[in-house]
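S.K.: Provided below: query_32.pdb, containing PDB, C-alpha atoms.
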```pdb
ATOM      1  CA  MET R   1     105.718 131.535  22.541
ATOM      2  CA  GLY R   2     106.833 133.666  25.469
ATOM      3  CA  LYS R   3     108.615 133.223  28.782
ATOM      4  CA  TRP R   4     106.220 131.966  31.436
ATOM      5  CA  PRO R   5     106.587 132.846  35.137
ATOM      6  CA  ARG R   6     106.799 129.964  37.569
ATOM      7  CA  LEU R   7     103.362 128.879  38.711
ATOM      8  CA  ASP R   8     104.226 129.375  42.382
ATOM      9  CA  LYS R   9     104.962 133.055  41.639
ATOM     10  CA  ILE R  10     101.614 133.826  40.006
ATOM     11  CA  GLU R  11      99.218 136.200  41.751
ATOM     12  CA  MET R  12      96.199 134.142  42.837
ATOM     13  CA  ILE R  13      94.007 136.750  44.544
ATOM     14  CA  ASP R  14      90.950 138.080  42.722
ATOM     15  CA  GLY R  15      88.524 140.741  43.826
ATOM     16  CA  PRO R  16      85.249 139.548  45.344
ATOM     17  CA  ILE R  17      82.325 138.689  43.088
ATOM     18  CA  ASP R  18      78.780 138.341  44.360
ATOM     19  CA  LYS R  19      76.611 135.355  43.520
ATOM     20  CA  ASP R  20      74.135 137.276  41.340
ATOM     21  CA  THR R  21      76.896 138.824  39.220
ATOM     22  CA  TYR R  22      78.551 135.428  38.866
ATOM     23  CA  GLU R  23      75.318 133.736  37.776
ATOM     24  CA  LYS R  24      74.559 136.425  35.185
ATOM     25  CA  GLN R  25      78.056 136.341  33.696
ATOM     26  CA  LEU R  26      77.995 132.548  33.696
ATOM     27  CA  LYS R  27      74.672 132.488  31.837
ATOM     28  CA  ASP R  28      75.939 134.997  29.256
ATOM     29  CA  LEU R  29      79.120 133.004  28.662
ATOM     30  CA  GLN R  30      77.211 129.736  28.327
ATOM     31  CA  GLN R  31      74.982 131.353  25.701
ATOM     32  CA  ARG R  32      78.063 132.565  23.800
ATOM     33  CA  LEU R  33      79.493 129.055  23.895
ATOM     34  CA  LEU R  34      76.231 127.571  22.620
ATOM     35  CA  ASP R  35      76.160 130.052  19.728
ATOM     36  CA  VAL R  36      79.715 129.115  18.754
ATOM     37  CA  HIS R  37      78.938 125.432  19.223
ATOM     38  CA  ILE R  38      75.952 125.653  16.861
ATOM     39  CA  HIS R  39      78.188 127.373  14.322
ATOM     40  CA  HIS R  40      80.580 124.407  14.440
ATOM     41  CA  LEU R  41      77.673 121.982  14.158
ATOM     42  CA  ARG R  42      76.569 123.710  10.965
ATOM     43  CA  THR R  43      80.038 124.059   9.461
ATOM     44  CA  GLY R  44      81.566 120.741  10.543
ATOM     45  CA  GLY R  45      84.187 122.342  12.768
ATOM     46  CA  ARG R  46      86.142 120.066  15.103
ATOM     47  CA  VAL R  47      87.213 121.263  18.537
ATOM     48  CA  MET R  48      89.447 119.889  21.282
ATOM     49  CA  ILE R  49      89.332 121.582  24.682
ATOM     50  CA  CYS R  50      92.244 120.301  26.743
ATOM     51  CA  ILE R  51      92.193 120.815  30.508
ATOM     52  CA  ASP R  52      95.168 119.949  32.685
ATOM     53  CA  GLY R  53      96.174 120.996  36.171
ATOM     54  CA  TRP R  54      96.568 120.059  39.806
ATOM     55  CA  ASP R  55      94.385 117.727  41.824
ATOM     56  CA  ALA R  56      91.535 119.716  43.458
ATOM     57  CA  ALA R  57      92.194 122.676  41.152
ATOM     58  CA  GLY R  58      88.569 122.728  40.011
ATOM     59  CA  LYS R  59      88.844 121.065  36.597
ATOM     60  CA  GLY R  60      85.639 119.083  37.125
ATOM     61  CA  GLY R  61      83.609 122.124  38.144
ATOM     62  CA  LEU R  62      84.892 124.060  35.154
ATOM     63  CA  ILE R  63      83.959 121.242  32.772
ATOM     64  CA  GLU R  64      80.517 120.944  34.369
ATOM     65  CA  ARG R  65      79.783 124.632  33.656
ATOM     66  CA  LEU R  66      81.341 124.386  30.220
ATOM     67  CA  VAL R  67      79.088 121.591  28.973
ATOM     68  CA  ALA R  68      75.923 122.686  30.818
ATOM     69  CA  GLY R  69      74.537 124.794  27.980
ATOM     70  CA  LEU R  70      75.899 122.894  24.979
ATOM     71  CA  GLU R  71      74.119 120.515  22.618
ATOM     72  CA  PRO R  72      74.779 117.245  24.473
ATOM     73  CA  LYS R  73      74.848 114.763  21.612
ATOM     74  CA  SER R  74      77.779 116.482  19.934
ATOM     75  CA  VAL R  75      79.981 116.962  23.010
ATOM     76  CA  GLN R  76      82.152 114.202  24.442
ATOM     77  CA  VAL R  77      84.001 114.480  27.745
ATOM     78  CA  HIS R  78      87.008 112.167  28.052
ATOM     79  CA  ARG R  79      88.297 111.681  31.587
ATOM     80  CA  ILE R  80      91.819 110.402  31.053
ATOM     81  CA  SER R  81      93.312 108.032  33.600
ATOM     82  CA  ALA R  82      95.904 105.256  33.445
ATOM     83  CA  PRO R  83      96.117 103.406  30.103
ATOM     84  CA  THR R  84      94.018 100.258  29.772
ATOM     85  CA  PRO R  85      95.699  96.907  29.037
ATOM     86  CA  GLU R  86      94.766  97.388  25.373
ATOM     87  CA  GLU R  87      96.415 100.818  25.322
ATOM     88  CA  GLN R  88      99.575  99.765  27.113
ATOM     89  CA  GLY R  89     102.460  98.934  24.832
ATOM     90  CA  ARG R  90     101.201 101.202  22.065
ATOM     91  CA  HIS R  91     102.431 104.708  21.356
ATOM     92  CA  TYR R  92     100.991 106.962  24.082
ATOM     93  CA  LEU R  93      99.212 109.166  21.516
ATOM     94  CA  TRP R  94      97.294 106.192  20.060
ATOM     95  CA  ARG R  95      94.482 106.400  22.589
ATOM     96  CA  PHE R  96      94.038 110.109  21.868
ATOM     97  CA  TRP R  97      93.837 109.624  18.115
ATOM     98  CA  ASN R  98      90.940 107.269  18.876
ATOM     99  CA  ARG R  99      89.146 109.996  20.856
ATOM    100  CA  LEU R 100      89.368 112.829  18.340
ATOM    101  CA  PRO R 101      85.998 114.434  17.577
ATOM    102  CA  ALA R 102      83.958 113.905  14.439
ATOM    103  CA  PRO R 103      83.079 116.926  12.269
ATOM    104  CA  GLY R 104      80.765 119.273  14.143
ATOM    105  CA  ASN R 105      81.708 117.806  17.521
ATOM    106  CA  TRP R 106      83.592 119.112  20.533
ATOM    107  CA  ALA R 107      85.835 116.821  22.585
ATOM    108  CA  ILE R 108      86.743 117.909  26.103
ATOM    109  CA  PHE R 109      89.733 116.199  27.693
ATOM    110  CA  ASP R 110      89.929 116.097  31.485
ATOM    111  CA  ARG R 111      93.680 115.513  31.520
ATOM    112  CA  THR R 112      95.417 114.949  28.244
ATOM    113  CA  TRP R 113      98.388 113.647  26.284
ATOM    114  CA  TYR R 114     100.493 115.904  28.526
ATOM    115  CA  GLY R 115     100.435 113.120  31.079
ATOM    116  CA  ARG R 116     103.494 111.846  29.230
ATOM    117  CA  VAL R 117     105.556 114.820  30.421
ATOM    118  CA  LEU R 118     103.825 115.192  33.788
ATOM    119  CA  VAL R 119     102.785 112.095  35.757
ATOM    120  CA  GLU R 120     104.677 109.625  33.540
ATOM    121  CA  ARG R 121     107.793 111.743  33.816
ATOM    122  CA  ILE R 122     107.560 112.246  37.598
ATOM    123  CA  GLU R 123     106.524 108.705  38.491
ATOM    124  CA  GLY R 124     109.004 107.018  36.151
ATOM    125  CA  PHE R 125     106.352 105.316  33.991
ATOM    126  CA  CYS R 126     108.545 105.975  30.958
ATOM    127  CA  ASP R 127     112.274 106.494  30.619
ATOM    128  CA  ARG R 128     113.925 109.903  30.320
ATOM    129  CA  SER R 129     114.518 109.684  26.572
ATOM    130  CA  ALA R 130     110.814 108.925  26.015
ATOM    131  CA  TRP R 131     109.422 111.931  27.864
ATOM    132  CA  LYS R 132     112.187 114.234  26.591
ATOM    133  CA  ARG R 133     111.209 113.589  22.977
ATOM    134  CA  ALA R 134     107.497 113.840  23.822
ATOM    135  CA  TYR R 135     107.547 117.659  23.664
ATOM    136  CA  ARG R 136     108.421 117.477  19.963
ATOM    137  CA  GLU R 137     105.916 114.662  19.368
ATOM    138  CA  ILE R 138     103.127 116.602  21.076
ATOM    139  CA  ASN R 139     103.864 119.788  19.147
ATOM    140  CA  GLU R 140     103.804 117.819  15.896
ATOM    141  CA  PHE R 141     100.581 116.034  16.920
ATOM    142  CA  GLU R 142      98.818 119.324  17.663
ATOM    143  CA  ARG R 143     100.180 120.900  14.491
ATOM    144  CA  GLN R 144      98.803 118.035  12.409
ATOM    145  CA  LEU R 145      95.376 118.555  13.934
ATOM    146  CA  THR R 146      95.281 122.324  13.476
ATOM    147  CA  ASP R 147      96.668 122.089   9.936
ATOM    148  CA  ASP R 148      93.723 119.786   9.238
ATOM    149  CA  GLY R 149      91.307 122.475  10.421
ATOM    150  CA  ALA R 150      90.723 121.453  14.036
ATOM    151  CA  ARG R 151      90.786 124.012  16.818
ATOM    152  CA  ILE R 152      92.618 123.324  20.073
ATOM    153  CA  VAL R 153      92.135 125.254  23.310
ATOM    154  CA  LYS R 154      94.518 124.325  26.158
ATOM    155  CA  LEU R 155      93.798 125.350  29.746
ATOM    156  CA  LEU R 156      96.170 124.846  32.657
ATOM    157  CA  VAL R 157      94.197 125.170  35.902
ATOM    158  CA  HIS R 158      96.469 126.229  38.741
ATOM    159  CA  VAL R 159      95.761 126.206  42.478
ATOM    160  CA  SER R 160      98.089 127.294  45.285
ATOM    161  CA  ALA R 161      99.423 124.733  47.743
ATOM    162  CA  GLU R 162      97.445 126.338  50.585
ATOM    163  CA  GLU R 163      94.119 126.260  48.747
ATOM    164  CA  GLN R 164      94.760 122.728  47.476
ATOM    165  CA  LYS R 165      95.316 121.593  51.069
ATOM    166  CA  ARG R 166      92.071 123.280  52.189
ATOM    167  CA  ARG R 167      90.072 121.579  49.433
ATOM    168  CA  MET R 168      91.640 118.187  50.126
ATOM    169  CA  ILE R 169      90.766 118.440  53.828
ATOM    170  CA  GLU R 170      87.212 119.371  52.862
ATOM    171  CA  ARG R 171      87.030 116.217  50.758
ATOM    172  CA  LEU R 172      88.328 114.147  53.662
ATOM    173  CA  SER R 173      85.781 115.717  56.002
ATOM    174  CA  LYS R 174      82.713 115.069  53.830
ATOM    175  CA  PRO R 175      81.734 111.438  53.110
ATOM    176  CA  SER R 176      79.991 112.558  49.917
ATOM    177  CA  LYS R 177      83.375 113.721  48.584
ATOM    178  CA  HIS R 178      85.518 110.757  49.633
ATOM    179  CA  TYR R 179      85.382 109.389  46.085
ATOM    180  CA  LYS R 180      87.338 112.448  44.917
ATOM    181  CA  ILE R 181      90.491 111.606  46.858
ATOM    182  CA  GLY R 182      92.949 108.713  46.697
ATOM    183  CA  LEU R 183      96.427 107.733  47.786
ATOM    184  CA  GLU R 184      97.881 108.955  44.507
ATOM    185  CA  ASP R 185      96.786 112.487  45.431
ATOM    186  CA  PHE R 186      99.124 112.454  48.418
ATOM    187  CA  ARG R 187     101.968 111.066  46.319
ATOM    188  CA  ASN R 188     101.456 113.984  43.927
ATOM    189  CA  ILE R 189     101.319 116.524  46.764
ATOM    190  CA  ALA R 190     104.621 115.228  48.151
ATOM    191  CA  LYS R 191     106.207 115.853  44.738
ATOM    192  CA  ARG R 192     104.780 119.324  44.167
ATOM    193  CA  GLU R 193     108.184 120.875  43.450
ATOM    194  CA  GLN R 194     108.881 118.262  40.790
ATOM    195  CA  TYR R 195     105.485 118.932  39.237
ATOM    196  CA  LEU R 196     106.156 122.677  39.261
ATOM    197  CA  ASP R 197     109.302 122.015  37.216
ATOM    198  CA  ALA R 198     107.391 119.728  34.864
ATOM    199  CA  TYR R 199     104.574 122.246  34.337
ATOM    200  CA  GLN R 200     107.167 124.924  33.657
ATOM    201  CA  ASP R 201     108.705 122.786  30.921
ATOM    202  CA  VAL R 202     105.249 122.139  29.439
ATOM    203  CA  LEU R 203     104.502 125.858  29.225
ATOM    204  CA  GLN R 204     107.904 126.755  27.816
ATOM    205  CA  LYS R 205     108.144 123.955  25.256
ATOM    206  CA  THR R 206     104.575 123.427  24.035
ATOM    207  CA  ASP R 207     103.076 126.925  24.023
ATOM    208  CA  THR R 208     102.822 127.378  20.265
ATOM    209  CA  GLU R 209     101.103 129.805  17.923
ATOM    210  CA  HIS R 210      98.724 127.120  16.664
ATOM    211  CA  ALA R 211      97.991 125.658  20.131
ATOM    212  CA  PRO R 212      98.797 128.196  22.868
ATOM    213  CA  TRP R 213      98.400 127.619  26.584
ATOM    214  CA  HIS R 214      95.973 129.610  28.731
ATOM    215  CA  LEU R 215      96.494 129.794  32.482
ATOM    216  CA  VAL R 216      93.500 129.794  34.858
ATOM    217  CA  ALA R 217      94.242 130.800  38.454
ATOM    218  CA  SER R 218      91.669 128.866  40.475
ATOM    219  CA  ASP R 219      92.004 129.724  44.160
ATOM    220  CA  ASP R 220      88.641 131.472  43.725
ATOM    221  CA  LYS R 221      86.318 128.982  42.019
ATOM    222  CA  MET R 222      83.795 131.486  40.677
ATOM    223  CA  HIS R 223      86.454 133.670  39.082
ATOM    224  CA  ALA R 224      88.177 130.584  37.671
ATOM    225  CA  ARG R 225      85.024 129.205  36.066
ATOM    226  CA  LEU R 226      84.196 132.517  34.437
ATOM    227  CA  ALA R 227      87.790 132.944  33.264
ATOM    228  CA  GLY R 228      87.914 129.438  31.815
ATOM    229  CA  LEU R 229      84.627 129.789  29.925
ATOM    230  CA  ARG R 230      85.649 133.221  28.653
ATOM    231  CA  ILE R 231      88.942 131.864  27.328
ATOM    232  CA  VAL R 232      87.171 129.057  25.468
ATOM    233  CA  ALA R 233      84.460 131.370  24.080
ATOM    234  CA  ASP R 234      87.031 133.921  22.892
ATOM    235  CA  ALA R 235      89.325 131.323  21.348
ATOM    236  CA  LEU R 236      86.606 129.398  19.520
ATOM    237  CA  GLY R 237      84.689 132.528  18.561
ATOM    238  CA  ASP R 238      87.740 134.167  16.994
ATOM    239  CA  GLY R 239      87.070 134.681  13.292
ATOM    240  CA  VAL R 240      83.540 133.290  13.559
ATOM    241  CA  THR R 241      80.620 135.353  12.279
ATOM    242  CA  LEU R 242      77.463 134.360  14.091
ATOM    243  CA  GLU R 243      74.315 134.911  12.050
ATOM    244  CA  ASP R 244      70.771 133.660  12.404
ATOM    245  CA  ARG R 245      70.131 130.945   9.866
ATOM    246  CA  ALA R 246      67.247 131.549   7.483
ATOM    247  CA  LEU R 247      64.403 129.058   7.777
ATOM    248  CA  ASP R 248      64.362 126.539   4.937
ATOM    249  CA  PRO R 249      61.248 127.365   2.857
ATOM    250  CA  ARG R 250      60.465 123.648   2.602
ATOM    251  CA  ILE R 251      60.341 123.406   6.402
ATOM    252  CA  ALA R 252      58.097 126.464   6.577
ATOM    253  CA  GLU R 253      55.771 124.880   4.052
ATOM    254  CA  ALA R 254      55.693 121.611   5.987
ATOM    255  CA  ALA R 255      54.808 123.547   9.153
ATOM    256  CA  TYR R 256      51.965 125.288   7.313
ATOM    257  CA  GLU R 257      50.584 122.002   6.043
ATOM    258  CA  ALA R 258      50.793 120.436   9.506
ATOM    259  CA  TRP R 259      49.585 123.336  11.677
ATOM    260  CA  GLY R 260      48.705 126.273   9.434
ATOM    261  CA  TRP R 261      51.787 128.104  10.769
ATOM    262  CA  ARG R 262      53.489 130.885   8.811
ATOM    263  CA  PRO R 263      56.775 132.726   9.609
ATOM    264  CA  GLU R 264      54.833 136.004   9.750
ATOM    265  CA  ALA R 265      53.065 134.769  12.874
ATOM    266  CA  ALA R 266      56.364 134.371  14.688
ATOM    267  CA  ASP R 267      57.498 137.845  13.568
ATOM    268  CA  LYS R 268      54.358 139.424  15.037
ATOM    269  CA  LYS R 269      54.916 137.722  18.396
ATOM    270  CA  ILE R 270      58.501 138.973  18.511
ATOM    271  CA  LYS R 271      57.438 142.543  17.757
ATOM    272  CA  LYS R 272      54.807 142.475  20.518
ATOM    273  CA  LYS R 273      57.493 141.505  23.048
TER     274      LYS R 273
END
```
Let me see the file written as structure tokens.
M.R.:
Amino acid sequence: MGKWPRLDKIEMIDGPIDKDTYEKQLKDLQQRLLDVHIHHLRTGGRVMICIDGWDAAGKGGLIERLVAGLEPKSVQVHRISAPTPEEQGRHYLWRFWNRLPAPGNWAIFDRTWYGRVLVERIEGFCDRSAWKRAYREINEFERQLTDDGARIVKLLVHVSAEEQKRRMIERLSKPSKHYKIGLEDFRNIAKREQYLDAYQDVLQKTDTEHAPWHLVASDDKMHARLAGLRIVADALGDGVTLEDRALDPRIAEAAYEAWGWRPEAADKKIKKK
């Protein structure tokens, strides 16, 4: 849609935020997300939240806070890694078609179909002609989904090289975090400049009106989590009117027969508070 600055030129410093302020804002945002989520449950809306970014950028922590307050049975988190033997040899979008959410559900992708023009491009897992045409294929894929009524929110979580190094060393230093680091992380770090070019192409070529990109600067984790949740809440709440749903009279009658409960009793309790 517009011209994006290079990621390594983006200002990463945020003002300090204290723990109490962070917790309050986080709670408020999680409640907003739950309200929007319930709206989609009632209306059959389908949502895809797509999260890409660097290793150690904080994608997992963002997803953890994102799903914490949602209705768990209608949220699926897909952690995308290398294709399985069944998925290999098929079109790269096939495995994502199979993970699209049912009506009323939200699907959260921890890494996405953009792997085609990121890791597969950099590591040579597909030839140049394949990843070059993938930008058009991805734009068409996302357009098909949004034309069909789905909503897509795309977050690119960016961390500076210095902060990424600090977080990686922390993982190396704590046995409880060893599972978060592998040899491929160091291969990716060594190719950071190539990845910067690839991310730049992603932003320039796949930032569309129907599926725009949102950048989350994540050197400060608390700011990044709040920013990410706010982006999702704003995007999915756009055009949504949130109203309390009237109680079905049949349910009220069933409650009276079971317990002698009437809606008026609840109204009195609310007024007393």
S.K.: With the PyMOL selection byres ((chain R and resi 56-58) around 8) as the selection, what would be picked from this file? Answer as a ChimeraX atom specification, please.
M.R.: /R:53-55,59-62,157-159,164,167-168,218-219,221
S.K.: Nearest to Lys73 (chain R) among R:Arg262, R:His37, R:Arg95, R:Arg133, with distances taken over all atoms listed in the file: which residue is it?
M.R.: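 Of all the options, R:His37 lies closest to Lys73 (chain R).
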S.K.: By how many Å are CA of Trp113 (chain R) and CA of Gly237 (chain R) apart?
M.R.: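 Between these atoms lies a distance of 24.6 Å.
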S.K.: Neighbours of Val119 (chain R) within 12 Å (all atoms listed in the file; same-chain residues fewer than 2 positions away dropped), as a count of residues only?
M.R.: 33
S.K.: Report, in Å with one decimal, the straight-line distance from CA of Pro72 (chain R) to CA of Ala252 (chain R).
M.R.: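 Atom-to-atom, CA of Pro72 (chain R) to CA of Ala252 (chain R), that is 26.1 Å.
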S.K.: Env of region 25-34 of chain R: 9 Å cut, atoms = only C-alpha atoms, seq-sep filter 4 positions within chain, self excluded. Answer as a PyMOL selection string.
M.R.: chain R and resi 20-21+38-39+65-71+225-226+229-230+232-233+236-237
S.K.: Return the single residue from R:Asp234, R:Ala130, R:Glu257, R:Arg245 that is closest to His214 (chain R), with distances computed using only C-alpha atoms.
M.R.: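 Result for the nearest residue to His214 (chain R): R:Asp234.
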S.K.: Can you list, as a PyMOL selection string, every protein, DNA or RNA residue that comes within 9 Å of Pro83 (chain R) when you count only C-alpha atoms, leaving out same-chain residues fewer than 3 positions away?
M.R.: chain R and resi 80+86-88+92+95
S.K.: Apply the PyMOL selection byres ((chain R and resi 145) around 12) to the structure shown and report the selected residues as a list in words.
M.R.: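 With the shown file as input, the PyMOL selection byres ((chain R and resi 145) around 12) matches Gly45, Arg46, Val47, Met48, Phe96, Trp97, Leu100, Pro101, Ile138, Asn139, Glu140, Phe141, Glu142, Arg143, Gln144, Thr146, Asp147, Asp148, Gly149, Ala150, Arg151, Ile152, Val153, His210 and Ala211 of chain R.
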S.K.: Write a file of the selected residues as a compact mmCIF listing (two decimals), in the coordinates of the input, keeping C-alpha atoms.
M.R.:
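The file below, selection_33.txt, is the result:
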```txt
# COMPACT_ATOMS: atom_id res chain seq x y z
CA GLY R 45 84.19 122.34 12.77
CA ARG R 46 86.14 120.07 15.10
CA VAL R 47 87.21 121.26 18.54
CA MET R 48 89.45 119.89 21.28
CA PHE R 96 94.04 110.11 21.87
CA TRP R 97 93.84 109.62 18.11
CA LEU R 100 89.37 112.83 18.34
CA PRO R 101 86.00 114.43 17.58
CA ILE R 138 103.13 116.60 21.08
CA ASN R 139 103.86 119.79 19.15
CA GLU R 140 103.80 117.82 15.90
CA PHE R 141 100.58 116.03 16.92
CA GLU R 142 98.82 119.32 17.66
CA ARG R 143 100.18 120.90 14.49
CA GLN R 144 98.80 118.04 12.41
CA THR R 146 95.28 122.32 13.48
CA ASP R 147 96.67 122.09 9.94
CA ASP R 148 93.72 119.79 9.24
CA GLY R 149 91.31 122.48 10.42
CA ALA R 150 90.72 121.45 14.04
CA ARG R 151 90.79 124.01 16.82
CA ILE R 152 92.62 123.32 20.07
CA VAL R 153 92.14 125.25 23.31
CA HIS R 210 98.72 127.12 16.66
CA ALA R 211 97.99 125.66 20.13
```
S.K.: Record the distance separating CA of Ala217 (chain R) and CA of Ala161 (chain R), expressed in Å with one decimal.
M.R.: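 Between CA of Ala217 (chain R) and CA of Ala161 (chain R) the gap works out to 12.2 Å.
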S.K.: From the set R:Leu172, R:Gly182, R:Ala235, R:Asp110, which residue has the shortest atom-to-atom contact distance to Pro212 (chain R), counting only C-alpha atoms?
M.R.: R:Ala235
S.K.: For region 50-64 of chain R, what centre and edge lengths in Å (one decimal) does the axis-aligned box get once 8 Å is added on each side of all its listed atoms, as AutoDock Vina command-line options?
M.R.:
```
--center_x 88.5 --center_y 120.9 --center_z 35.1 --size_x 32.1 --size_y 22.3 --size_z 32.7
```
S.K.: When you count all atoms listed in the file, which of these residues is closest to Ala107 (chain R): R:Arg79, R:Arg136, R:Arg42, R:Lys165?
M.R.: R:Arg79
S.K.: Where does the PyMOL selection byres ((chain R and resi 13) around 10) land in this file, that is, which residues does it pick, as a ChimeraX atom specification?
M.R.: /R:10-12,14-16,217-220,223
S.K.: Counting all atoms listed in the file, which of R:His178, R:Trp261, R:Val216, R:Lys205 gets nearest to Ser160 (chain R)?
M.R.: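 Of R:His178, R:Trp261, R:Val216, R:Lys205, the one nearest Ser160 (chain R) is R:Val216, counting all atoms listed in the file.
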